[in-house]
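One structure is given here, and the rest of the page talks about it.
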Amino acid sequence: MRETLIVIGLFVLAMALRSSRKNIIRKLGAFAFLFATFFFFFYLSDSVIVGLMGACLWFFLPWIELLTHVRRLRMPLNNRLRHRELPNPSFFPNAIEAATGMEEAGFEHVSDCGWEWSGMQQHFRLFWNPEERAIASVCLCEQDKVAFAFVSVTSTDAAGNIWRTTNFPFAPTLRCSPGLKWNHVPCEKSCFHQILKDHQAFLVRMKIGTDDLLIPDPEAMEEDIENEMRKQVDHNLRSGIIHLTDDGHFRYSKRGLFFLWGQFIKDMIRLC
């Protein structure tokens, strides 16, 4: 009975810690889940090795999704943005604040567009600021009744390199093309003014001056997004992460499934 109460107590503690809004406390909750799982298998087998193997099962849970869903995905090789109305803003409260912050920072609204990607509906609100030589976007994502929003600030230098600061909450599901440099900030940092400051500090850290940046063309912003995605797809085709199908789509290879598993593990450890 004592062992049962210990395991139950650890699971209850883990759920309580995971409900906190503070990142460090949520991470402690994740460790509490690992400890609870370890003791559950340890008390069943009276073996430390079995307990450790049981705790490691958490890291293999993504394979259920990988083998049952992701393996069957077919994604379009040439995806096109289409002008569309934004979804109900009540699902994306942070997006409204971000768009307001962009306008306060001198960014001008350009367009609203979107596409479907990997079963996810993505809606973009695009802004630009010629003085900052930057493009800002707030992306609204919907998939399987799950909705979230993230903000990005993007600059391009004269050599064609893309410098991006974003609070996207997950690890990328494809390898980034060589010319794309990510500056990932915590997803709880949703204030656009702070993200813009982080982007400016990122450029300074990378020794990229304002004169090194190109002034964005608002008429070509949607085309640039499409071209960037196609370059990323081509890069992943060459890397063997994905391969072409016979119907003009692509899917993840075996190597790609292991790559995605690694990305899942990163998300589990980072616990945004």
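How things are named: the first chain in the structure tokens is A, the next is B, and so on; residues count from 1 in each chain; ligands count from 1 in the order shown.
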
Polymer residues at most 12 Å from Arg164 in chain A, only C-alpha atoms, same-chain spacing of 6 or more positions, as a PyMOL selection string: chain A and resi 134-137+151-157+176+179-185+195-196+198-203+206

The selected residues should be written to file as a compact mmCIF listing (two decimals), in the first residue's frame (atoms: C-alpha atoms).
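result_35.txt, freshly written:
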```txt
# COMPACT_ATOMS: atom_id res chain seq x y z
CA ALA A 134 11.85 43.95 -41.89
CA ILE A 135 8.69 41.95 -42.41
CA ALA A 136 6.50 41.00 -39.46
CA SER A 137 3.87 38.31 -39.48
CA VAL A 151 4.89 35.91 -34.31
CA SER A 152 7.90 36.26 -36.61
CA VAL A 153 10.14 39.16 -37.62
CA THR A 154 12.19 38.57 -40.77
CA SER A 155 15.03 40.45 -42.46
CA THR A 156 16.96 39.57 -45.62
CA ASP A 157 20.52 40.64 -46.32
CA CYS A 176 15.93 24.68 -42.33
CA GLY A 179 20.32 30.43 -45.90
CA LEU A 180 17.78 30.64 -43.06
CA LYS A 181 19.06 31.70 -39.62
CA TRP A 182 16.60 31.21 -36.76
CA ASN A 183 16.54 33.13 -33.50
CA HIS A 184 14.08 31.17 -31.36
CA VAL A 185 12.62 33.00 -28.35
CA ILE A 195 10.26 40.25 -30.03
CA LEU A 196 11.30 43.17 -32.26
CA ASP A 198 15.18 40.55 -29.65
CA HIS A 199 15.37 40.59 -33.45
CA GLN A 200 17.38 43.81 -33.45
CA ALA A 201 19.73 42.38 -30.81
CA PHE A 202 20.02 39.19 -32.90
CA LEU A 203 21.16 41.19 -35.94
CA MET A 206 25.38 38.43 -35.89
```

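Within range 76-206 of chain A, DSSP applied to the backbone places the following residues in alpha helix (DSSP H): Pro93, Asn94, Ala95, Ile96, Glu97, Ala98, Ala99, Thr100, Gly101, Met102, Glu103, Glu104, Phe192, His193, Gln194, Ile195, Leu196, Lys197, Asp198, His199, Gln200, Ala201, Phe202, Leu203, Val204 and Arg205 of chain A.
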
Where does DSSP see strand (DSSP E) in range 91-175 of chain A, if you list the residues as a PDB file with C-alpha atoms, in the first residue's frame?
```pdb
ATOM      1  CA  GLU A 108       1.961  48.570 -42.110  1.00  0.00           C
ATOM      2  CA  HIS A 109      -0.517  45.809 -42.861  1.00  0.00           C
ATOM      3  CA  VAL A 110      -0.036  44.285 -46.326  1.00  0.00           C
ATOM      4  CA  SER A 111      -2.266  41.247 -46.731  1.00  0.00           C
ATOM      5  CA  ASP A 112      -4.090  38.304 -45.172  1.00  0.00           C
ATOM      6  CA  CYS A 113      -3.462  34.911 -46.727  1.00  0.00           C
ATOM      7  CA  GLY A 114      -3.102  31.256 -45.883  1.00  0.00           C
ATOM      8  CA  TRP A 115      -2.625  27.667 -46.986  1.00  0.00           C
ATOM      9  CA  GLU A 116      -3.000  24.108 -45.782  1.00  0.00           C
ATOM     10  CA  TRP A 117       0.202  22.426 -44.717  1.00  0.00           C
ATOM     11  CA  MET A 120      -2.794  22.250 -40.613  1.00  0.00           C
ATOM     12  CA  GLN A 121      -4.600  25.395 -41.685  1.00  0.00           C
ATOM     13  CA  GLN A 122      -2.188  28.327 -41.508  1.00  0.00           C
ATOM     14  CA  HIS A 123      -3.395  31.934 -41.767  1.00  0.00           C
ATOM     15  CA  PHE A 124      -0.908  34.801 -42.115  1.00  0.00           C
ATOM     16  CA  ARG A 125      -1.273  38.497 -41.383  1.00  0.00           C
ATOM     17  CA  LEU A 126       1.665  40.189 -43.086  1.00  0.00           C
ATOM     18  CA  PHE A 127       3.155  43.583 -42.192  1.00  0.00           C
ATOM     19  CA  TRP A 128       6.207  45.494 -43.350  1.00  0.00           C
ATOM     20  CA  ASN A 129       8.351  48.407 -42.204  1.00  0.00           C
ATOM     21  CA  ALA A 134      11.852  43.947 -41.888  1.00  0.00           C
ATOM     22  CA  ILE A 135       8.694  41.947 -42.413  1.00  0.00           C
ATOM     23  CA  ALA A 136       6.504  41.003 -39.463  1.00  0.00           C
ATOM     24  CA  SER A 137       3.870  38.313 -39.483  1.00  0.00           C
ATOM     25  CA  VAL A 138       1.442  36.737 -37.092  1.00  0.00           C
ATOM     26  CA  CYS A 139       0.535  33.188 -38.054  1.00  0.00           C
ATOM     27  CA  LEU A 140      -2.657  31.528 -36.849  1.00  0.00           C
ATOM     28  CA  CYS A 141      -2.614  27.717 -36.921  1.00  0.00           C
ATOM     29  CA  GLU A 142      -5.526  25.298 -36.632  1.00  0.00           C
ATOM     30  CA  GLN A 143      -5.199  21.521 -36.564  1.00  0.00           C
ATOM     31  CA  VAL A 146      -6.060  22.751 -31.594  1.00  0.00           C
ATOM     32  CA  ALA A 147      -5.289  26.413 -32.262  1.00  0.00           C
ATOM     33  CA  PHE A 148      -2.258  28.581 -31.530  1.00  0.00           C
ATOM     34  CA  ALA A 149      -0.568  31.702 -32.885  1.00  0.00           C
ATOM     35  CA  PHE A 150       3.051  32.767 -33.217  1.00  0.00           C
ATOM     36  CA  VAL A 151       4.895  35.914 -34.306  1.00  0.00           C
ATOM     37  CA  SER A 152       7.898  36.256 -36.611  1.00  0.00           C
ATOM     38  CA  VAL A 153      10.143  39.155 -37.618  1.00  0.00           C
ATOM     39  CA  THR A 154      12.193  38.570 -40.770  1.00  0.00           C
ATOM     40  CA  SER A 155      15.028  40.451 -42.462  1.00  0.00           C
ATOM     41  CA  THR A 156      16.960  39.565 -45.622  1.00  0.00           C
ATOM     42  CA  ILE A 162      17.164  35.239 -44.145  1.00  0.00           C
ATOM     43  CA  TRP A 163      17.377  36.286 -40.487  1.00  0.00           C
ATOM     44  CA  ARG A 164      14.275  35.435 -38.480  1.00  0.00           C
ATOM     45  CA  THR A 165      13.236  35.872 -34.872  1.00  0.00           C
ATOM     46  CA  THR A 166      10.165  33.885 -33.854  1.00  0.00           C
TER      47      THR A 166
END
```

Point-to-point distance in Å for CA of Ile241 in chain A and CA of Thr173 in chain A: 10.0 Å

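Proximity to Pro218 in chain A was assessed for A:Arg80, A:Phe107, A:Leu10, A:Ile265 counting only C-alpha atoms; the smallest distance is recorded for A:Phe107.
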
At most 9 Å is the cut-off: for each residue in range 146-212 of chain A with any atom that close to an atom of range 236-240 of chain A, write down the nearest atom pair and the distance in Å rounded to one decimal, counting only C-alpha atoms, chain first then increasing number, as a tab-separated table.
```
residue	atom	partner	partner_atom	distance
A:Leu174	CA	A:Asn236	CA	6.8
A:Arg175	CA	A:Asn236	CA	6.3
A:Cys176	CA	A:Asn236	CA	8.2
A:Ser177	CA	A:Asn236	CA	8.0
```

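One finds CA of Phe33 in chain A at 5.5 Å from CA of Ala14 in chain A.
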
Nearest to Ile64 in chain A, chosen from A:Arg133, A:Asp267, A:Ala95, A:Leu257, with only C-alpha atoms counted in the distances: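 With only C-alpha atoms as the atom set, the closest residue is A:Leu257.
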
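Nearest to Ser253 in chain A of all the residues A:Val70, A:Met102, A:Ser45, A:Ala16 is A:Val70, counting only C-alpha atoms.
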
Residue with smallest distance to Leu213 in chain A - pool A:Val48, A:Val233, A:Ile25, A:Ala159, counting only C-alpha atoms: A:Ala159

Nearest candidate to Cys191 in chain A (options A:Val12, A:Ala105, A:Cys56, A:Ala36; using only C-alpha atoms):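 Among the listed residues, the smallest separation from Cys191 in chain A belongs to A:Ala105.
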
Residue nearest Gly51 in chain A among A:Leu17, A:Ala158, A:Leu34, A:Leu77 (counting only C-alpha atoms):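 Ranking A:Leu17, A:Ala158, A:Leu34, A:Leu77 by distance to Gly51 in chain A, first place goes to A:Leu34.
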
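CA of Leu260 in chain A to CA of Pro172 in chain A spans 8.7 Å [interatomic distance, one decimal].
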